[in-house]
Every structure is written in structure tokens, then in C-alpha cells.
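J.: Provided herewith is a single structure, encoded as C-alpha cells, for subsequent inquiry.
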Amino acid sequence: MKRIAVFGAAGSVGRCVVSEALDRGHEVTGVVRNPQRAAGLPDLAVPAFAEASDGAAIRAVLRDQDVAVMALRPPAGREAELVGYTRTLLDTAVETGVPVVIVGGAASLRFPDQPAWTVLTRPGFLPDAVRPIAQACHAQRDAVLSTGGEGWSHICPPASLEPGRRTGRYRLGTDMLVTGEDGRSAISVEDFAIAIVDEAESRAHAGRSFTVGW
């Protein structure tokens, strides 16, 4: 059993990570911004409160943890703050010696059939509405990769990440989209959470960025 702190525990990915970790018998602390956000956490999760920019509050949460998961996403219009959130959590995690799994985005991943293009740069691929968070996730990945040591892992979802069913399977990749036989790059949030908790348990990709998909 591990003590796992999940930052962004009230979000779509964070909630699934909390549930997956609890189902495996881990002791989970669900970290949210305020008490109102804690209402949707599973009953067995221990609530904790910290702003993503508050290093002292993050340090207090991490003090009693074995590993942390960062599944934060800023509200619309504040996407650029993601890099600052990430750096604050990474710096604090390094300081406390607690490894952290950073949940990124697909923006920097390349296409198997057109490796010169990434999800962010391929013309016409991204809707304008998601471009700000994609740009933030690209910058986040650069910030994570510039951090030395092996106290972190960085996991990217495939091109499509939606709530669905838990199949219990996924495939691994590095900097290229994982695609199925139909050419789609997708996974359910539930199976993405499996990959995240697997990494929190094993730290198989410590100091590296990787991706998953069906």
C-alpha cells in the first residue's frame, strides 16, 4: 500500500485516479482548492486543500506521502498558469523527496504517419477552443523535461480522452501517438487512470515522458 496524494482530485482525470488507487487498497489524499470541490470525492479519500501556486501548502500535503499525482487543469482563460503550477509542484516535490507523476497533454506527440507534425502543429487538427490548453500542455512538457533527476514521470494521453469504460488494458509509447488498427489515438479516462496509478506504483518511467493509448 502506498500513500498517494492526487492534486486536481475533483477533475475528470483526478477523480478516476482517486477511485482507481482506492480500489487497489492505497491510502489516497484528494487535494482540491477549497472544501466545496471536495464534495465529489469518494468517501474513502482523505480531503486536503491547497492552491496549486502555494508551495507551503503543497509542502504540507506532501510531508506524509509516498508519491503524488498532478492532474491539474486551470480554468478557461487561465490555461497559461499551468506551467507555473507545474513548476511549483515539481520544485516542492524535489525539495521533499516525494516523486510525482505529472499528467500532461497530447500536444507535443507526433503522428505515426506524419512524424514531422505534432498534435499542436498539424494544420487543422485542433479546434480553436482547445488550442490554449494544448499550448499550455506543450509548455508544461518542456518545463518538466528541463527538470533534472528522476523524481518525476510525465504521462501524456492520446489524441482523444473521454469518459467511457474500464477495459483494464493500454499500450505504451514515447513521443508518438499510440494508435489502434483503425488509426485512432484514443483511450477512456478510466483506462488512462490505470496507467497513471501503475506509474505511481512502479515509477517505471522515472525521469522520462511517455504516452499511452489503446
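Identifiers for the C-alpha cells are assigned positionally: chains receive A, B, ... in sequence, residues are indexed from 1 per chain, and ligands are indexed from 1 in the order shown.
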Determine, using only C-alpha atoms, which residues of stretch 3-75 of chain A have any atom at most 9 Å from an atom of stretch 89-95 of chain A, and tabulate each with its shortest atom pair and distance in Å to one decimal place, rows ordered by chain and then rising number, as JSON lines.
T.:
```
{"residue": "A:Ala52", "atom": "CA", "partner": "A:Leu89", "partner_atom": "CA", "distance": 7.2}
{"residue": "A:Ser53", "atom": "CA", "partner": "A:Leu89", "partner_atom": "CA", "distance": 8.0}
{"residue": "A:Asp54", "atom": "CA", "partner": "A:Leu89", "partner_atom": "CA", "distance": 8.7}
{"residue": "A:Gly55", "atom": "CA", "partner": "A:Thr92", "partner_atom": "CA", "distance": 6.3}
{"residue": "A:Ala56", "atom": "CA", "partner": "A:Thr92", "partner_atom": "CA", "distance": 8.4}
{"residue": "A:Ile58", "atom": "CA", "partner": "A:Leu89", "partner_atom": "CA", "distance": 7.0}
{"residue": "A:Arg59", "atom": "CA", "partner": "A:Thr92", "partner_atom": "CA", "distance": 6.1}
{"residue": "A:Leu62", "atom": "CA", "partner": "A:Ala93", "partner_atom": "CA", "distance": 7.3}
{"residue": "A:Ala68", "atom": "CA", "partner": "A:Ala93", "partner_atom": "CA", "distance": 8.3}
{"residue": "A:Met70", "atom": "CA", "partner": "A:Leu89", "partner_atom": "CA", "distance": 8.1}
```
J.: The selected residues should be written to file as a PDB file, in the first residue's frame (atoms: N, CA, C and O atoms).
T.:
```
ATOM      1  N   ALA A  52      -2.620  25.542  -6.171  1.00  0.00           N
ATOM      2  CA  ALA A  52      -1.502  24.992  -6.935  1.00  0.00           C
ATOM      3  C   ALA A  52      -0.290  25.910  -6.950  1.00  0.00           C
ATOM      4  O   ALA A  52       0.818  25.470  -7.250  1.00  0.00           O
ATOM      5  N   SER A  53      -0.490  27.182  -6.644  1.00  0.00           N
ATOM      6  CA  SER A  53       0.617  28.141  -6.626  1.00  0.00           C
ATOM      7  C   SER A  53       1.228  28.308  -5.238  1.00  0.00           C
ATOM      8  O   SER A  53       2.185  29.077  -5.081  1.00  0.00           O
ATOM      9  N   ASP A  54       0.710  27.613  -4.244  1.00  0.00           N
ATOM     10  CA  ASP A  54       1.123  27.798  -2.850  1.00  0.00           C
ATOM     11  C   ASP A  54       2.088  26.689  -2.443  1.00  0.00           C
ATOM     12  O   ASP A  54       1.688  25.601  -2.033  1.00  0.00           O
ATOM     13  N   GLY A  55       3.379  26.969  -2.557  1.00  0.00           N
ATOM     14  CA  GLY A  55       4.389  25.965  -2.236  1.00  0.00           C
ATOM     15  C   GLY A  55       4.308  25.479  -0.806  1.00  0.00           C
ATOM     16  O   GLY A  55       4.514  24.288  -0.532  1.00  0.00           O
ATOM     17  N   ALA A  56       4.014  26.367   0.138  1.00  0.00           N
ATOM     18  CA  ALA A  56       3.943  25.963   1.539  1.00  0.00           C
ATOM     19  C   ALA A  56       2.798  24.984   1.776  1.00  0.00           C
ATOM     20  O   ALA A  56       2.948  23.991   2.499  1.00  0.00           O
ATOM     21  N   ILE A  58       1.430  23.014  -0.510  1.00  0.00           N
ATOM     22  CA  ILE A  58       1.794  21.760  -1.173  1.00  0.00           C
ATOM     23  C   ILE A  58       2.785  20.973  -0.320  1.00  0.00           C
ATOM     24  O   ILE A  58       2.670  19.750  -0.172  1.00  0.00           O
ATOM     25  N   ARG A  59       3.740  21.660   0.250  1.00  0.00           N
ATOM     26  CA  ARG A  59       4.732  21.003   1.103  1.00  0.00           C
ATOM     27  C   ARG A  59       4.057  20.319   2.288  1.00  0.00           C
ATOM     28  O   ARG A  59       4.422  19.199   2.663  1.00  0.00           O
ATOM     29  N   LEU A  62       2.490  17.089   1.015  1.00  0.00           N
ATOM     30  CA  LEU A  62       3.441  16.063   0.612  1.00  0.00           C
ATOM     31  C   LEU A  62       4.207  15.459   1.785  1.00  0.00           C
ATOM     32  O   LEU A  62       4.792  14.374   1.639  1.00  0.00           O
ATOM     33  N   ALA A  68       3.046  11.450  -5.430  1.00  0.00           N
ATOM     34  CA  ALA A  68       1.976  12.389  -5.770  1.00  0.00           C
ATOM     35  C   ALA A  68       1.634  12.259  -7.249  1.00  0.00           C
ATOM     36  O   ALA A  68       2.470  11.870  -8.070  1.00  0.00           O
ATOM     37  N   MET A  70      -0.120  14.743 -10.237  1.00  0.00           N
ATOM     38  CA  MET A  70      -0.616  16.078 -10.578  1.00  0.00           C
ATOM     39  C   MET A  70      -1.524  15.961 -11.780  1.00  0.00           C
ATOM     40  O   MET A  70      -1.074  15.710 -12.899  1.00  0.00           O
TER      41      MET A  70
END
```
J.: Neighbours of A:Val100 within 7 Å (only C-alpha atoms; same-chain residues fewer than 6 positions away dropped), as a PyMOL selection string?
T.: chain A and resi 67-69+93+151-153
J.: DSSP on the backbone, then: every residue of stretch 38-108 of chain A marked helix (DSSP H, G or I), written as a ChimeraX atom specification.
T.: /A:38-40,55-62,81-96
J.: Emit the selected residues as a PDB file, in the first residue's frame, including N, CA and C atoms.
T.:
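File out-v9.pdb, as written:
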```pdb
ATOM      1  N   ALA A  38     -14.337  19.403  -2.634  1.00  0.00           N
ATOM      2  CA  ALA A  38     -14.134  18.087  -2.022  1.00  0.00           C
ATOM      3  C   ALA A  38     -15.407  17.268  -1.947  1.00  0.00           C
ATOM      4  N   ALA A  39     -16.544  17.886  -2.195  1.00  0.00           N
ATOM      5  CA  ALA A  39     -17.823  17.199  -2.028  1.00  0.00           C
ATOM      6  C   ALA A  39     -17.958  15.985  -2.934  1.00  0.00           C
ATOM      7  N   GLY A  40     -17.320  16.007  -4.098  1.00  0.00           N
ATOM      8  CA  GLY A  40     -17.466  14.904  -5.035  1.00  0.00           C
ATOM      9  C   GLY A  40     -16.437  13.809  -4.887  1.00  0.00           C
ATOM     10  N   GLY A  55       3.379  26.969  -2.557  1.00  0.00           N
ATOM     11  CA  GLY A  55       4.389  25.965  -2.236  1.00  0.00           C
ATOM     12  C   GLY A  55       4.308  25.479  -0.806  1.00  0.00           C
ATOM     13  N   ALA A  56       4.014  26.367   0.138  1.00  0.00           N
ATOM     14  CA  ALA A  56       3.943  25.963   1.539  1.00  0.00           C
ATOM     15  C   ALA A  56       2.798  24.984   1.776  1.00  0.00           C
ATOM     16  N   ALA A  57       1.650  25.243   1.154  1.00  0.00           N
ATOM     17  CA  ALA A  57       0.509  24.339   1.314  1.00  0.00           C
ATOM     18  C   ALA A  57       0.785  22.989   0.658  1.00  0.00           C
ATOM     19  N   ILE A  58       1.430  23.014  -0.510  1.00  0.00           N
ATOM     20  CA  ILE A  58       1.794  21.760  -1.173  1.00  0.00           C
ATOM     21  C   ILE A  58       2.785  20.973  -0.320  1.00  0.00           C
ATOM     22  N   ARG A  59       3.740  21.660   0.250  1.00  0.00           N
ATOM     23  CA  ARG A  59       4.732  21.003   1.103  1.00  0.00           C
ATOM     24  C   ARG A  59       4.057  20.319   2.288  1.00  0.00           C
ATOM     25  N   ALA A  60       3.056  20.963   2.862  1.00  0.00           N
ATOM     26  CA  ALA A  60       2.346  20.380   3.996  1.00  0.00           C
ATOM     27  C   ALA A  60       1.608  19.109   3.588  1.00  0.00           C
ATOM     28  N   VAL A  61       1.063  19.085   2.377  1.00  0.00           N
ATOM     29  CA  VAL A  61       0.372  17.891   1.891  1.00  0.00           C
ATOM     30  C   VAL A  61       1.362  16.760   1.645  1.00  0.00           C
ATOM     31  N   LEU A  62       2.490  17.089   1.015  1.00  0.00           N
ATOM     32  CA  LEU A  62       3.441  16.063   0.612  1.00  0.00           C
ATOM     33  C   LEU A  62       4.207  15.459   1.785  1.00  0.00           C
ATOM     34  N   GLU A  81      -1.382  29.438 -16.862  1.00  0.00           N
ATOM     35  CA  GLU A  81      -0.927  29.258 -15.483  1.00  0.00           C
ATOM     36  C   GLU A  81      -0.473  27.821 -15.209  1.00  0.00           C
ATOM     37  N   LEU A  82      -0.770  26.907 -16.117  1.00  0.00           N
ATOM     38  CA  LEU A  82      -0.407  25.500 -15.894  1.00  0.00           C
ATOM     39  C   LEU A  82       1.094  25.316 -15.691  1.00  0.00           C
ATOM     40  N   VAL A  83       1.900  26.056 -16.430  1.00  0.00           N
ATOM     41  CA  VAL A  83       3.354  25.912 -16.305  1.00  0.00           C
ATOM     42  C   VAL A  83       3.816  26.324 -14.905  1.00  0.00           C
ATOM     43  N   GLY A  84       3.292  27.432 -14.397  1.00  0.00           N
ATOM     44  CA  GLY A  84       3.653  27.861 -13.053  1.00  0.00           C
ATOM     45  C   GLY A  84       3.227  26.855 -11.997  1.00  0.00           C
ATOM     46  N   TYR A  85       2.009  26.316 -12.142  1.00  0.00           N
ATOM     47  CA  TYR A  85       1.544  25.288 -11.214  1.00  0.00           C
ATOM     48  C   TYR A  85       2.507  24.104 -11.205  1.00  0.00           C
ATOM     49  N   THR A  86       2.887  23.700 -12.403  1.00  0.00           N
ATOM     50  CA  THR A  86       3.744  22.523 -12.534  1.00  0.00           C
ATOM     51  C   THR A  86       5.111  22.757 -11.903  1.00  0.00           C
ATOM     52  N   ARG A  87       5.677  23.914 -12.163  1.00  0.00           N
ATOM     53  CA  ARG A  87       6.997  24.206 -11.594  1.00  0.00           C
ATOM     54  C   ARG A  87       6.951  24.273 -10.077  1.00  0.00           C
ATOM     55  N   THR A  88       5.881  24.861  -9.541  1.00  0.00           N
ATOM     56  CA  THR A  88       5.765  24.935  -8.082  1.00  0.00           C
ATOM     57  C   THR A  88       5.678  23.538  -7.472  1.00  0.00           C
ATOM     58  N   LEU A  89       4.840  22.680  -8.054  1.00  0.00           N
ATOM     59  CA  LEU A  89       4.708  21.327  -7.521  1.00  0.00           C
ATOM     60  C   LEU A  89       5.991  20.531  -7.694  1.00  0.00           C
ATOM     61  N   LEU A  90       6.637  20.659  -8.862  1.00  0.00           N
ATOM     62  CA  LEU A  90       7.886  19.940  -9.089  1.00  0.00           C
ATOM     63  C   LEU A  90       8.969  20.384  -8.110  1.00  0.00           C
ATOM     64  N   ASP A  91       9.120  21.679  -7.945  1.00  0.00           N
ATOM     65  CA  ASP A  91      10.142  22.190  -7.028  1.00  0.00           C
ATOM     66  C   ASP A  91       9.899  21.694  -5.610  1.00  0.00           C
ATOM     67  N   THR A  92       8.635  21.715  -5.192  1.00  0.00           N
ATOM     68  CA  THR A  92       8.305  21.280  -3.835  1.00  0.00           C
ATOM     69  C   THR A  92       8.489  19.776  -3.686  1.00  0.00           C
ATOM     70  N   ALA A  93       8.135  19.025  -4.715  1.00  0.00           N
ATOM     71  CA  ALA A  93       8.321  17.575  -4.666  1.00  0.00           C
ATOM     72  C   ALA A  93       9.799  17.219  -4.575  1.00  0.00           C
ATOM     73  N   VAL A  94      10.626  17.899  -5.362  1.00  0.00           N
ATOM     74  CA  VAL A  94      12.067  17.656  -5.296  1.00  0.00           C
ATOM     75  C   VAL A  94      12.601  17.987  -3.909  1.00  0.00           C
ATOM     76  N   GLU A  95      12.128  19.095  -3.355  1.00  0.00           N
ATOM     77  CA  GLU A  95      12.574  19.533  -2.027  1.00  0.00           C
ATOM     78  C   GLU A  95      12.203  18.520  -0.945  1.00  0.00           C
ATOM     79  N   THR A  96      11.016  17.931  -1.049  1.00  0.00           N
ATOM     80  CA  THR A  96      10.540  16.993  -0.026  1.00  0.00           C
ATOM     81  C   THR A  96      10.934  15.546  -0.313  1.00  0.00           C
TER      82      THR A  96
END
```
J.: Show which residues sit within 12 Å of A:Gly30, as a short mmCIF file (atom, residue, chain, number, x, y, z; two decimals) with all heavy atoms, in the first residue's frame. Count only C-alpha atoms, and ignore same-chain residues fewer than 3 positions away.
T.:
```cif
data_model
loop_
_atom_site.label_atom_id
_atom_site.label_comp_id
_atom_site.auth_asym_id
_atom_site.auth_seq_id
_atom_site.Cartn_x
_atom_site.Cartn_y
_atom_site.Cartn_z
N ARG A 3 0.87 5.69 0.10
CA ARG A 3 0.13 6.90 0.40
C ARG A 3 0.28 7.82 -0.81
O ARG A 3 1.39 8.26 -1.12
CB ARG A 3 0.68 7.56 1.66
CG ARG A 3 0.50 6.70 2.92
CD ARG A 3 1.33 7.24 4.08
NE ARG A 3 2.75 7.19 3.76
CZ ARG A 3 3.71 7.66 4.56
NH1 ARG A 3 3.40 8.22 5.71
NH2 ARG A 3 4.98 7.57 4.20
N ILE A 4 -0.84 8.05 -1.50
CA ILE A 4 -0.81 8.79 -2.76
C ILE A 4 -1.63 10.07 -2.64
O ILE A 4 -2.81 10.02 -2.28
CB ILE A 4 -1.38 7.92 -3.91
CG1 ILE A 4 -0.59 6.61 -4.04
CG2 ILE A 4 -1.36 8.69 -5.22
CD1 ILE A 4 -1.16 5.67 -5.08
N ALA A 5 -1.00 11.19 -2.95
CA ALA A 5 -1.71 12.48 -2.99
C ALA A 5 -2.05 12.79 -4.43
O ALA A 5 -1.17 12.76 -5.30
CB ALA A 5 -0.85 13.59 -2.40
N VAL A 6 -3.32 13.08 -4.71
CA VAL A 6 -3.76 13.39 -6.06
C VAL A 6 -4.18 14.86 -6.11
O VAL A 6 -5.19 15.26 -5.51
CB VAL A 6 -4.94 12.49 -6.50
CG1 VAL A 6 -5.38 12.85 -7.91
CG2 VAL A 6 -4.55 11.02 -6.42
N PHE A 7 -3.38 15.68 -6.80
CA PHE A 7 -3.69 17.10 -6.97
C PHE A 7 -4.61 17.24 -8.19
O PHE A 7 -4.34 16.68 -9.24
CB PHE A 7 -2.41 17.90 -7.18
CG PHE A 7 -1.56 18.01 -5.95
CD1 PHE A 7 -0.72 16.97 -5.57
CD2 PHE A 7 -1.61 19.15 -5.15
CE1 PHE A 7 0.08 17.06 -4.43
CE2 PHE A 7 -0.82 19.25 -4.00
CZ PHE A 7 0.02 18.19 -3.64
N GLY A 8 -5.68 17.99 -8.02
CA GLY A 8 -6.69 18.06 -9.07
C GLY A 8 -7.66 16.90 -8.95
O GLY A 8 -8.21 16.42 -9.94
N ALA A 9 -7.90 16.47 -7.71
CA ALA A 9 -8.70 15.27 -7.46
C ALA A 9 -10.16 15.41 -7.85
O ALA A 9 -10.87 14.41 -7.98
CB ALA A 9 -8.59 14.87 -5.99
N ALA A 10 -10.64 16.64 -8.02
CA ALA A 10 -12.05 16.84 -8.37
C ALA A 10 -12.28 16.89 -9.87
O ALA A 10 -13.42 16.95 -10.33
CB ALA A 10 -12.57 18.14 -7.73
N GLY A 11 -11.21 16.87 -10.66
CA GLY A 11 -11.35 16.91 -12.11
C GLY A 11 -11.67 15.54 -12.69
O GLY A 11 -11.68 14.53 -11.98
N GLY A 14 -8.55 13.32 -12.38
CA GLY A 14 -8.23 13.18 -10.96
C GLY A 14 -9.18 12.28 -10.22
O GLY A 14 -8.77 11.44 -9.41
N ARG A 15 -10.48 12.41 -10.47
CA ARG A 15 -11.47 11.56 -9.79
C ARG A 15 -11.25 10.09 -10.13
O ARG A 15 -11.35 9.23 -9.25
CB ARG A 15 -12.89 11.99 -10.18
CG ARG A 15 -13.37 13.25 -9.52
CD ARG A 15 -14.89 13.40 -9.64
NE ARG A 15 -15.35 13.33 -11.01
CZ ARG A 15 -15.47 14.39 -11.82
NH1 ARG A 15 -15.13 15.58 -11.37
NH2 ARG A 15 -15.90 14.25 -13.06
N CYS A 16 -10.96 9.82 -11.40
CA CYS A 16 -10.73 8.42 -11.78
C CYS A 16 -9.45 7.87 -11.16
O CYS A 16 -9.39 6.70 -10.79
CB CYS A 16 -10.68 8.30 -13.30
SG CYS A 16 -12.29 8.27 -14.09
N VAL A 17 -8.44 8.71 -11.06
CA VAL A 17 -7.19 8.27 -10.42
C VAL A 17 -7.44 7.96 -8.94
O VAL A 17 -6.96 6.95 -8.42
CB VAL A 17 -6.09 9.35 -10.58
CG1 VAL A 17 -4.88 9.01 -9.72
CG2 VAL A 17 -5.68 9.48 -12.04
N VAL A 18 -8.19 8.82 -8.27
CA VAL A 18 -8.51 8.58 -6.86
C VAL A 18 -9.25 7.26 -6.70
O VAL A 18 -8.90 6.43 -5.85
CB VAL A 18 -9.35 9.74 -6.29
CG1 VAL A 18 -9.91 9.38 -4.92
CG2 VAL A 18 -8.52 11.02 -6.20
N SER A 19 -10.26 7.03 -7.52
CA SER A 19 -11.05 5.80 -7.43
C SER A 19 -10.20 4.57 -7.73
O SER A 19 -10.29 3.55 -7.03
CB SER A 19 -12.25 5.85 -8.38
OG SER A 19 -13.14 6.88 -8.00
N ALA A 21 -6.93 4.21 -7.43
CA ALA A 21 -5.96 3.98 -6.35
C ALA A 21 -6.64 3.41 -5.11
O ALA A 21 -6.10 2.51 -4.45
CB ALA A 21 -5.24 5.28 -6.02
N LEU A 22 -7.83 3.92 -4.78
CA LEU A 22 -8.56 3.39 -3.63
C LEU A 22 -8.93 1.92 -3.86
O LEU A 22 -8.83 1.09 -2.95
CB LEU A 22 -9.81 4.22 -3.38
CG LEU A 22 -9.61 5.60 -2.77
CD1 LEU A 22 -10.92 6.38 -2.77
CD2 LEU A 22 -9.06 5.51 -1.34
N GLU A 27 -3.84 4.34 0.25
CA GLU A 27 -4.37 5.44 1.07
C GLU A 27 -4.26 6.71 0.25
O GLU A 27 -3.15 7.12 -0.10
CB GLU A 27 -3.56 5.56 2.36
CG GLU A 27 -4.03 6.65 3.31
CD GLU A 27 -3.18 6.73 4.55
OE1 GLU A 27 -3.00 5.69 5.21
OE2 GLU A 27 -2.68 7.84 4.83
N ARG A 33 -8.86 22.72 -4.35
CA ARG A 33 -8.62 24.12 -4.00
C ARG A 33 -9.40 24.56 -2.77
O ARG A 33 -8.93 25.38 -1.99
CB ARG A 33 -8.98 25.02 -5.18
CG ARG A 33 -8.08 24.90 -6.38
CD ARG A 33 -8.33 26.03 -7.37
NE ARG A 33 -9.72 26.09 -7.81
CZ ARG A 33 -10.20 25.42 -8.83
NH1 ARG A 33 -9.42 24.61 -9.51
NH2 ARG A 33 -11.48 25.53 -9.17
N ASN A 34 -10.63 24.05 -2.59
CA ASN A 34 -11.45 24.51 -1.48
C ASN A 34 -12.42 23.41 -1.06
O ASN A 34 -12.60 22.42 -1.78
CB ASN A 34 -12.22 25.78 -1.87
CG ASN A 34 -13.02 25.60 -3.15
OD1 ASN A 34 -13.87 24.72 -3.22
ND2 ASN A 34 -12.76 26.43 -4.15
N PRO A 35 -13.05 23.55 0.11
CA PRO A 35 -13.93 22.49 0.61
C PRO A 35 -15.09 22.16 -0.31
O PRO A 35 -15.54 21.01 -0.34
CB PRO A 35 -14.43 23.08 1.94
CG PRO A 35 -13.35 24.01 2.38
CD PRO A 35 -12.82 24.61 1.12
N ARG A 37 -15.07 21.88 -3.49
CA ARG A 37 -14.60 20.95 -4.50
C ARG A 37 -14.44 19.53 -3.94
O ARG A 37 -14.40 18.56 -4.70
CB ARG A 37 -13.27 21.43 -5.06
CG ARG A 37 -13.32 22.77 -5.76
CD ARG A 37 -13.94 22.66 -7.12
NE ARG A 37 -13.07 22.00 -8.07
CZ ARG A 37 -13.45 21.61 -9.28
NH1 ARG A 37 -14.69 21.81 -9.67
NH2 ARG A 37 -12.61 21.02 -10.10
N ALA A 38 -14.34 19.40 -2.63
CA ALA A 38 -14.13 18.09 -2.02
C ALA A 38 -15.41 17.27 -1.95
O ALA A 38 -15.36 16.06 -1.69
CB ALA A 38 -13.55 18.25 -0.61
N ALA A 39 -16.54 17.89 -2.20
CA ALA A 39 -17.82 17.20 -2.03
C ALA A 39 -17.96 15.98 -2.93
O ALA A 39 -18.63 15.01 -2.59
CB ALA A 39 -18.97 18.17 -2.29
N GLY A 40 -17.32 16.01 -4.10
CA GLY A 40 -17.47 14.90 -5.03
C GLY A 40 -16.44 13.81 -4.89
O GLY A 40 -16.43 12.85 -5.68
N LEU A 41 -15.56 13.91 -3.90
CA LEU A 41 -14.54 12.88 -3.71
C LEU A 41 -15.14 11.61 -3.13
O LEU A 41 -16.10 11.66 -2.34
CB LEU A 41 -13.44 13.39 -2.77
CG LEU A 41 -12.58 14.55 -3.25
CD1 LEU A 41 -11.60 14.96 -2.15
CD2 LEU A 41 -11.84 14.18 -4.52
N PRO A 42 -14.60 10.43 -3.47
CA PRO A 42 -15.06 9.19 -2.84
C PRO A 42 -14.91 9.25 -1.33
O PRO A 42 -14.01 9.92 -0.80
CB PRO A 42 -14.13 8.13 -3.45
CG PRO A 42 -13.69 8.71 -4.75
CD PRO A 42 -13.59 10.20 -4.50
N ASP A 43 -15.78 8.54 -0.62
CA ASP A 43 -15.81 8.62 0.84
C ASP A 43 -14.48 8.23 1.48
O ASP A 43 -14.12 8.75 2.53
CB ASP A 43 -16.93 7.72 1.38
CG ASP A 43 -18.32 8.25 1.04
OD1 ASP A 43 -18.43 9.45 0.74
OD2 ASP A 43 -19.27 7.45 1.06
N LEU A 44 -13.76 7.29 0.89
CA LEU A 44 -12.52 6.80 1.49
C LEU A 44 -11.33 7.72 1.26
O LEU A 44 -10.27 7.53 1.86
CB LEU A 44 -12.19 5.40 0.98
CG LEU A 44 -13.16 4.29 1.41
CD1 LEU A 44 -12.75 2.96 0.77
CD2 LEU A 44 -13.20 4.16 2.92
N ALA A 45 -11.47 8.70 0.40
CA ALA A 45 -10.38 9.64 0.14
C ALA A 45 -10.29 10.66 1.26
O ALA A 45 -11.30 11.16 1.76
CB ALA A 45 -10.58 10.34 -1.19
N VAL A 46 -9.08 10.97 1.67
CA VAL A 46 -8.84 11.99 2.69
C VAL A 46 -8.73 13.34 1.99
O VAL A 46 -7.84 13.52 1.15
CB VAL A 46 -7.56 11.70 3.48
CG1 VAL A 46 -7.29 12.81 4.49
CG2 VAL A 46 -7.64 10.34 4.15
N PRO A 47 -9.60 14.29 2.27
CA PRO A 47 -9.51 15.58 1.58
C PRO A 47 -8.39 16.45 2.14
O PRO A 47 -8.08 16.42 3.33
CB PRO A 47 -10.88 16.22 1.85
CG PRO A 47 -11.33 15.61 3.14
CD PRO A 47 -10.77 14.21 3.16
N ALA A 48 -7.76 17.20 1.23
CA ALA A 48 -6.76 18.19 1.63
C ALA A 48 -6.93 19.38 0.70
O ALA A 48 -7.45 19.25 -0.41
CB ALA A 48 -5.35 17.63 1.52
N PHE A 49 -6.51 20.55 1.18
CA PHE A 49 -6.77 21.78 0.43
C PHE A 49 -5.47 22.53 0.19
O PHE A 49 -4.69 22.77 1.12
CB PHE A 49 -7.76 22.66 1.21
CG PHE A 49 -8.97 21.89 1.66
CD1 PHE A 49 -9.14 21.53 2.98
CD2 PHE A 49 -9.92 21.46 0.72
CE1 PHE A 49 -10.24 20.78 3.39
CE2 PHE A 49 -11.02 20.73 1.12
CZ PHE A 49 -11.18 20.38 2.45
N ALA A 50 -5.23 22.87 -1.07
CA ALA A 50 -4.01 23.61 -1.43
C ALA A 50 -4.21 24.27 -2.78
O ALA A 50 -4.71 23.65 -3.72
CB ALA A 50 -2.81 22.67 -1.48
N VAL A 61 1.06 19.08 2.38
CA VAL A 61 0.37 17.89 1.89
C VAL A 61 1.36 16.76 1.65
O VAL A 61 1.13 15.61 2.01
CB VAL A 61 -0.42 18.21 0.60
CG1 VAL A 61 -0.95 16.92 -0.02
CG2 VAL A 61 -1.56 19.17 0.89
N LEU A 62 2.49 17.09 1.02
CA LEU A 62 3.44 16.06 0.61
C LEU A 62 4.21 15.46 1.78
O LEU A 62 4.79 14.37 1.64
CB LEU A 62 4.44 16.66 -0.39
CG LEU A 62 3.89 17.06 -1.75
CD1 LEU A 62 5.02 17.61 -2.62
CD2 LEU A 62 3.22 15.88 -2.44
N GLN A 65 3.38 11.76 2.36
CA GLN A 65 3.01 10.98 1.18
C GLN A 65 4.19 10.19 0.64
O GLN A 65 5.35 10.56 0.82
CB GLN A 65 2.47 11.91 0.09
CG GLN A 65 1.29 12.76 0.52
CD GLN A 65 0.09 11.94 0.93
OE1 GLN A 65 -0.25 10.96 0.28
NE2 GLN A 65 -0.57 12.36 2.01
N ALA A 68 3.05 11.45 -5.43
CA ALA A 68 1.98 12.39 -5.77
C ALA A 68 1.63 12.26 -7.25
O ALA A 68 2.47 11.87 -8.07
CB ALA A 68 2.40 13.83 -5.46
N VAL A 69 0.40 12.60 -7.56
CA VAL A 69 -0.06 12.68 -8.95
C VAL A 69 -0.59 14.09 -9.16
O VAL A 69 -1.40 14.58 -8.38
CB VAL A 69 -1.18 11.65 -9.24
CG1 VAL A 69 -1.78 11.89 -10.63
CG2 VAL A 69 -0.66 10.23 -9.11
N MET A 70 -0.12 14.74 -10.24
CA MET A 70 -0.62 16.08 -10.58
C MET A 70 -1.52 15.96 -11.78
O MET A 70 -1.07 15.71 -12.90
CB MET A 70 0.53 17.03 -10.89
CG MET A 70 0.04 18.41 -11.32
SD MET A 70 1.38 19.52 -11.80
CE MET A 70 0.43 20.86 -12.54
N ALA A 71 -2.83 16.13 -11.56
CA ALA A 71 -3.82 16.07 -12.64
C ALA A 71 -4.56 17.39 -12.74
O ALA A 71 -5.77 17.43 -12.94
CB ALA A 71 -4.79 14.92 -12.40
N LEU A 72 -3.83 18.48 -12.60
CA LEU A 72 -4.43 19.81 -12.57
C LEU A 72 -4.70 20.35 -13.97
O LEU A 72 -3.94 20.11 -14.90
CB LEU A 72 -3.50 20.79 -11.85
CG LEU A 72 -3.27 20.56 -10.36
CD1 LEU A 72 -2.10 21.40 -9.89
CD2 LEU A 72 -4.52 20.91 -9.57
#
```
J.: Considering only C-alpha atoms, state which residue in the set A:Gln135, A:Val13, A:Arg169, A:Ile102 is at the smallest distance from A:Ala80.
T.: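 When distances to A:Ala80 are compared using only C-alpha atoms, the smallest one comes from A:Gln135.
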J.: Have a look at A:His154, A:Arg110, A:Lys2, A:Arg63 and name the one nearest to A:His205; count only C-alpha atoms.
T.: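 Among the listed residues, A:His154 lies closest to A:His205.
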J.: Between A:Ser188, A:Ser209, A:Ser12, A:Thr147, which residue has the minimum interatomic distance to A:Leu172, considering only C-alpha atoms?
T.: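 Nearest to A:Leu172: A:Ser209.
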J.: How many Å separate atom CA of A:Val32 from atom CA of A:Ala106?
T.: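 Distance reported for this atom pair: 23.8 Å.
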J.: Write out as an NGL selection string the residues lying within 12 Å of A:Pro115, counting only C-alpha atoms and excluding same-chain residues fewer than 6 positions away.
T.: :A and (108-109 or 121-122 or 175-177)
